[in-house]
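Asks: Take a look at the following structure, please.
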Amino acid sequence: MKLFSYILVYRRVLLTFCTPLVLLPLPIILHSKEAECAYTLFVVAIFWLTETLPLSVTALLPVLMFPLFGIMSSKEVASSYFSEFHVQLIGVMCLATSVEKWNLHKRIALGMVMMVGVNPAWLTLGFMSSTAFLSMWLSNTSTTAMAMPIVESVAQQIISAEAEVEATDMTNCGGSVNLGLEMDECVSEHETNEKKEKTKPVLGHSNDAGKTSSKMESGKNAVIGTKYRTKKDHMMCKLMCLCVTYSSTIGGLITITGTSTNLIFAEHFNKRYPDCRCINFGSWFLLAFPVAIILLLLCWIWLQWLFLGFNFKEMFKCGKTKTVKEKACVEVIKQEYKKLGRMSYQEIVTLVLFIVMALLWFSRDPGFVSGWSTLFSKYPGFATDSTVALFIGLLFFLIPAKKLTKTTPTGEIVTFDYSPLITWKEFQSFMPWDIAILVGGGFALADGCEKSKLSEWIGNKLSPLGSLPVWLIILISSLLVTSLTEVASNQTTISLLLPILSPLAEAIHVNPLYILLPTTLCTSFAFLLPVSNPPNAIVFSYGHLNIMDMVKAGLGINIMGVAVVMFGMFTWIAPMFNLSTYPSWAPTISNGTMP
């Protein structure tokens with residue numbers, strides 16, 4: 001028993017050393033670059049799943065292992081850790097810092113709660129709908145980064161309002177109550193195991209970050225060192241976090257400009273089949289919109305059931321009257337909104353910059369009309385969303401927020417300087433640097449898979465699928481791409497598989513869209529891990545979730561996503577593009593030829 005207790009205590013150390021040793025025969029026996037890259041991929045994936053090391057520390061392992069295996073040089077690997085995503089993240093975090101510093105997020109959050117109500121189910125659906133709509137036009141990462149401070153603030157306002165109501169009830173029943181003591185007593189025995197988790201620094205924020213920026217009423221900082229009143233409060237926070245990242249990913253499916261994988265598919269398809277002219281903004285919207293709506297509703301029901309339970313009778317009961325507790329919560333939130341007063345100059349400027357950033361993102365290259373990027377036609381593709389984000393982000397350090405005055409010896413008050421909307425110190429305390437490293441590790445793994453030809457090896461294994469029924473080919477390719485995109489970037493996955501699947505469809509004499517469309521849609525289904533895509537990493541940084549929460553929720557969404565895509569392919573999508581016949585715009589290949 002004593003030995004078992006030691007193993008339990010030092011399990012992370014044992015797992016750190018045992019995992020590489022157990023997997024070591026893979027590169028030794030096969031002795032190929034593909035096997036060596038797969039070895040690195042397995043080690044990193046296991047460490048991420050088990051949290052043996054901090055996630056950001058594990059993300060640095062490719063810098064150590066790829067040069068030792070000769071897959072990539074240290075310089076090449078290191079360059080993967082800072083990309084266009086990081087520039088965009090910096091710009092968006094400048095906006096988020098200003099939003100939270102000047103309490104704009106609190107005003108938006110309280111206003112939204114007053115409109116929708118405090119019922120978590122309907123509130124979650126409202127957040128998912130608005131996030132999905134924004135993600136149709138903006139990048140998934142930008143949408144998530146902007147929505148999370150608002151969602152976090154709403155959750156904290158609801159929890160605070162319920163605590164105040166309960167404290168008032170207790171005061172009326174039995175005298176004065178210490179709110180802090182009341183909150184302590186509400187924590188169940190099950191929650192005591194979660195106290196240790198909440199005392200850890202939130203990913204991307206040190207414990208000193210909150211001290212550095214004491215004036216910022218940040219939702220993230222509110223989580224640090226704070227325990228939940230009840231188990232239900234914790235579940236509600238998990239639900240709201242996941243609803244944002246999943247709905248941003250689902251919303252990106254709707255438009256051809258909504259996510260980069262859609263654009264990569266459109267470019268590949270139109271270049272390979274120039275005579276088709278069937279893939280454009282309108283046709284993509286018609287095929288993807290029903291898929292996204294169905295999946296969004298299923299995702300809402302699944303998350304609600306998984307974390308809070310789903311009571312259809314109570315939710316859809318006509319003429320349902322609010323309980324005394326719900327009315328009191330609404331009244332408390334109204335009072336909190338009144339305390340904010342009128343919008344300040346700083347809030348107005350922040351809101352204007354937010355709208356300008358969104359409009360510039362939307363109008364850069366909308367797809368159905370010419371955008372402002374055509375003004376720089378001499379350098380096509382040079383100006384991107386990160387250019388806009390960084391430009392607006394710099395303005396937050398430049399635009400004055402308030403005057404700085406001093407009193408002269410004669411008693412005169414003079415202005416000697418001004419304070420900008422945000423300072424570098426405030427930005428540093430808010431910027432999730434750990435998340436930047438975490439996502440960089442995912443990019444490094446994707447680059448390693450491409451350099452070592454591991455991605456190509458996996459893709460080539462799809463060739464024997466030609467002897468299977470079409471529906472089974474679609475199912476296998478969809479499941480494979482859904483699994484692969486969890487550990488490799490979406491862009492790498494789709495870029496690798498499209499050149500493999502196109503000749504496969506031609507060889508088996510099947511309309512290429514029959515295979516390429518579901519594959520492209522399923523490439524976005526990266527729901528399982530924080531490192532699967534940047535939106536997952538952003539919501540994970542708020543500290544409410546652990547790895548298994550995301551795995552359990554994401555596995556269900558993945559299965560439902562593949563099922564919805566399969567359903568769509570054989571219902572409304574097939575007649576839209578006449579998928580039952582082999583098109584004239586596709587080349588004819590003899591039956592004996594295989595890709």
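Identifiers in the structure tokens: chain A, B, ... in order shown; residue index from 1 per chain; ligand index from 1 in order shown.
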From a DSSP pass on the backbone, collect the residues of region 381-459 of chain A flagged as strand (DSSP E or B) and hand them back as a PyMOL selection string.
Replies: chain A and resi 400-407+413-420
Asks: Kindly save the residues from that selection, with N, CA, C and O atoms included, as a JSON list (two decimals), in the first residue's frame.
Replies:
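Listing of again_10.json after writing:
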[["chain", "number", "residue", "atom", "x", "y", "z"],
["A", 400, "PRO", "N", -6.14, 59.36, -26.18],
["A", 400, "PRO", "CA", -6.19, 59.78, -24.76],
["A", 400, "PRO", "C", -7.45, 59.29, -24.07],
["A", 400, "PRO", "O", -8.54, 59.30, -24.63],
["A", 401, "ALA", "N", -7.28, 58.89, -22.82],
["A", 401, "ALA", "CA", -8.42, 58.49, -22.00],
["A", 401, "ALA", "C", -8.75, 59.56, -20.97],
["A", 401, "ALA", "O", -9.91, 59.85, -20.71],
["A", 402, "LYS", "N", -7.72, 60.13, -20.37],
["A", 402, "LYS", "CA", -7.94, 61.21, -19.40],
["A", 402, "LYS", "C", -6.65, 62.02, -19.25],
["A", 402, "LYS", "O", -5.55, 61.55, -19.56],
["A", 403, "LYS", "N", -6.81, 63.23, -18.78],
["A", 403, "LYS", "CA", -5.68, 64.12, -18.58],
["A", 403, "LYS", "C", -4.97, 63.80, -17.28],
["A", 403, "LYS", "O", -5.60, 63.37, -16.29],
["A", 404, "LEU", "N", -3.66, 64.02, -17.27],
["A", 404, "LEU", "CA", -2.86, 63.91, -16.06],
["A", 404, "LEU", "C", -2.45, 65.32, -15.64],
["A", 404, "LEU", "O", -1.82, 66.05, -16.41],
["A", 405, "THR", "N", -2.84, 65.70, -14.45],
["A", 405, "THR", "CA", -2.60, 67.06, -13.98],
["A", 405, "THR", "C", -1.70, 67.06, -12.76],
["A", 405, "THR", "O", -1.53, 66.04, -12.09],
["A", 406, "LYS", "N", -1.13, 68.23, -12.48],
["A", 406, "LYS", "CA", -0.33, 68.42, -11.27],
["A", 406, "LYS", "C", -0.53, 69.85, -10.79],
["A", 406, "LYS", "O", -0.92, 70.74, -11.54],
["A", 407, "THR", "N", -0.25, 70.04, -9.53],
["A", 407, "THR", "CA", -0.40, 71.36, -8.92],
["A", 407, "THR", "C", 0.96, 72.04, -8.83],
["A", 407, "THR", "O", 1.91, 71.47, -8.27],
["A", 413, "ILE", "N", -3.39, 74.39, -11.18],
["A", 413, "ILE", "CA", -3.49, 73.01, -11.70],
["A", 413, "ILE", "C", -3.24, 73.04, -13.19],
["A", 413, "ILE", "O", -3.97, 73.70, -13.95],
["A", 414, "VAL", "N", -2.20, 72.33, -13.63],
["A", 414, "VAL", "CA", -1.83, 72.31, -15.05],
["A", 414, "VAL", "C", -1.80, 70.87, -15.55],
["A", 414, "VAL", "O", -1.56, 69.93, -14.79],
["A", 415, "THR", "N", -2.06, 70.71, -16.83],
["A", 415, "THR", "CA", -2.00, 69.39, -17.47],
["A", 415, "THR", "C", -0.60, 69.17, -18.01],
["A", 415, "THR", "O", -0.08, 70.01, -18.76],
["A", 416, "PHE", "N", 0.02, 68.08, -17.63],
["A", 416, "PHE", "CA", 1.38, 67.81, -18.09],
["A", 416, "PHE", "C", 1.47, 66.58, -19.00],
["A", 416, "PHE", "O", 2.48, 66.38, -19.67],
["A", 417, "ASP", "N", 0.42, 65.76, -19.06],
["A", 417, "ASP", "CA", 0.45, 64.57, -19.91],
["A", 417, "ASP", "C", -0.96, 64.00, -19.98],
["A", 417, "ASP", "O", -1.89, 64.55, -19.38],
["A", 418, "TYR", "N", -1.12, 62.89, -20.70],
["A", 418, "TYR", "CA", -2.40, 62.21, -20.73],
["A", 418, "TYR", "C", -2.18, 60.71, -20.60],
["A", 418, "TYR", "O", -1.09, 60.19, -20.86],
["A", 419, "SER", "N", -3.22, 60.03, -20.17],
["A", 419, "SER", "CA", -3.17, 58.57, -20.04],
["A", 419, "SER", "C", -3.96, 57.95, -21.18],
["A", 419, "SER", "O", -5.10, 58.35, -21.44],
["A", 420, "PRO", "N", -3.38, 56.99, -21.92],
["A", 420, "PRO", "CA", -4.11, 56.36, -23.03],
["A", 420, "PRO", "C", -5.18, 55.41, -22.52],
["A", 420, "PRO", "O", -5.32, 55.18, -21.31]]
Asks: I'd like the neighbourhood of region 444-459 of chain A as JSON, numbers by chain, where a residue qualifies if any of its atoms comes within 9 Å (using only C-alpha atoms), though same-chain residues fewer than 4 positions away should be ignored.
Replies: {"A": [32, 33, 34, 35, 36, 37, 38, 40, 41, 59, 60, 62, 63, 66, 71, 72, 76, 77, 78, 79, 80, 81, 439, 440, 463, 487, 488, 489, 492, 493, 496, 497, 500, 501]}
Asks: So that I can see what lies close to Asn511 (chain A), please list as a PyMOL selection string the residues with an atom at most 10 Å from it, counting only C-alpha atoms and leaving out residues fewer than 2 positions away in the same chain.
Replies: chain A and resi 502+505-506+508-509+513-516+577-586
Asks: Got a sec to tell me which of region 443-576 of chain A DSSP assigns to alpha helix (DSSP H), as a PyMOL selection string?
Replies: chain A and resi 443-451+454-460+470-484+490-507+512-523+534-540+547-568+574-576
Asks: Using only C-alpha atoms, which of A:Gln491, A:Ser98, A:Thr143, A:Gln346 sits nearest Ser532 (chain A)?
Replies: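 So, comparing all the options, the nearest one is A:Gln491.
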Asks: Which is closest to Glu486 (chain A) among A:Thr141, A:Thr261, A:Gln156, A:Asn533, if we use only C-alpha atoms?
Replies: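 Between A:Thr141, A:Thr261, A:Gln156, A:Asn533, the residue approaching Glu486 (chain A) most closely is A:Asn533.
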Asks: So, with only C-alpha atoms as the atoms that count, which of A:Leu30, A:Leu263, A:Val13, A:Leu296 lies closest to Phe127 (chain A)?
Replies: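 Selected residue with least distance to Phe127 (chain A): A:Leu296.
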Asks: Write out, as CSV, each residue of region 456-513 of chain A that has an atom at most 12 Å from region 559-572 of chain A, together with the closest pair of atoms and their distance in Å to one decimal, counting only C-alpha atoms, rows going by chain and rising number.
Replies:
residue,atom,partner,partner_atom,distance
A:Val470,CA,A:Phe570,CA,11.2
A:Trp471,CA,A:Met566,CA,8.4
A:Leu472,CA,A:Met566,CA,10.3
A:Ile473,CA,A:Met566,CA,11.2
A:Ile474,CA,A:Met566,CA,7.8
A:Leu475,CA,A:Met566,CA,7.4
A:Ile476,CA,A:Val562,CA,10.2
A:Ser477,CA,A:Val562,CA,10.3
A:Ser478,CA,A:Val562,CA,6.7
A:Leu479,CA,A:Val562,CA,7.2
A:Leu480,CA,A:Val562,CA,10.6
A:Val481,CA,A:Val562,CA,10.3
A:Thr482,CA,A:Val562,CA,8.2
A:Ser483,CA,A:Ile559,CA,10.8
A:Leu513,CA,A:Met569,CA,9.7
Asks: Just give me the gap between CA of Val99 (chain A) and CA of Phe396 (chain A) in Å, one decimal is fine.
Replies: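 These atoms are spaced 10.6 Å apart.
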Asks: So which residues touch region 265-282 of chain A within 10 Å, counting only C-alpha atoms, skipping near sequence neighbours fewer than 5 positions away, as a ChimeraX atom specification?
Replies: /A:254-257,260,287,366-369,491,494-495,498-499,502,512-513,516-517,519-521,576-577,583-587
Asks: What would the file look like if the residues just selected were written as an mmCIF file, in the first residue's frame with C-alpha atoms?
Replies:
data_model
loop_
_atom_site.group_PDB
_atom_site.id
_atom_site.type_symbol
_atom_site.label_atom_id
_atom_site.label_comp_id
_atom_site.auth_asym_id
_atom_site.auth_seq_id
_atom_site.Cartn_x
_atom_site.Cartn_y
_atom_site.Cartn_z
ATOM 1 C CA ILE A 254 -21.939 29.006 -42.863
ATOM 2 C CA THR A 255 -20.059 31.319 -45.211
ATOM 3 C CA ILE A 256 -17.250 30.494 -47.590
ATOM 4 C CA THR A 257 -15.225 33.281 -45.970
ATOM 5 C CA SER A 260 -9.802 29.401 -43.823
ATOM 6 C CA LEU A 287 -25.603 24.037 -48.402
ATOM 7 C CA PRO A 366 -16.382 39.641 -48.137
ATOM 8 C CA GLY A 367 -16.431 37.401 -51.216
ATOM 9 C CA PHE A 368 -19.712 38.506 -52.794
ATOM 10 C CA VAL A 369 -18.476 42.094 -53.385
ATOM 11 C CA GLN A 491 -5.372 24.252 -42.786
ATOM 12 C CA ILE A 494 -7.493 20.148 -45.648
ATOM 13 C CA SER A 495 -4.481 21.083 -47.784
ATOM 14 C CA LEU A 498 -7.927 17.590 -50.955
ATOM 15 C CA PRO A 499 -5.206 16.559 -53.471
ATOM 16 C CA SER A 502 -9.967 14.600 -55.654
ATOM 17 C CA PRO A 512 -15.852 14.981 -56.531
ATOM 18 C CA LEU A 513 -18.171 17.180 -54.485
ATOM 19 C CA LEU A 516 -14.801 16.914 -50.938
ATOM 20 C CA LEU A 517 -17.762 18.762 -49.382
ATOM 21 C CA THR A 519 -14.431 16.391 -45.828
ATOM 22 C CA THR A 520 -14.169 20.183 -45.876
ATOM 23 C CA LEU A 521 -17.025 20.625 -43.393
ATOM 24 C CA MET A 576 -28.459 20.959 -55.231
ATOM 25 C CA PHE A 577 -25.342 19.821 -57.146
ATOM 26 C CA PRO A 583 -20.300 15.611 -64.031
ATOM 27 C CA SER A 584 -18.969 16.626 -67.411
ATOM 28 C CA TRP A 585 -16.603 19.153 -65.845
ATOM 29 C CA ALA A 586 -14.658 16.375 -64.085
ATOM 30 C CA PRO A 587 -12.010 14.441 -66.041
#
Asks: Counting only C-alpha atoms, what is within 6 Å of region 387-393 of chain A, bar same-chain residues fewer than 2 positions away, as a list in words?
Replies: Gln88, Gly91, Val92, Cys94, Ala383, Thr384, Asp385, Leu395 and Phe396 of chain A
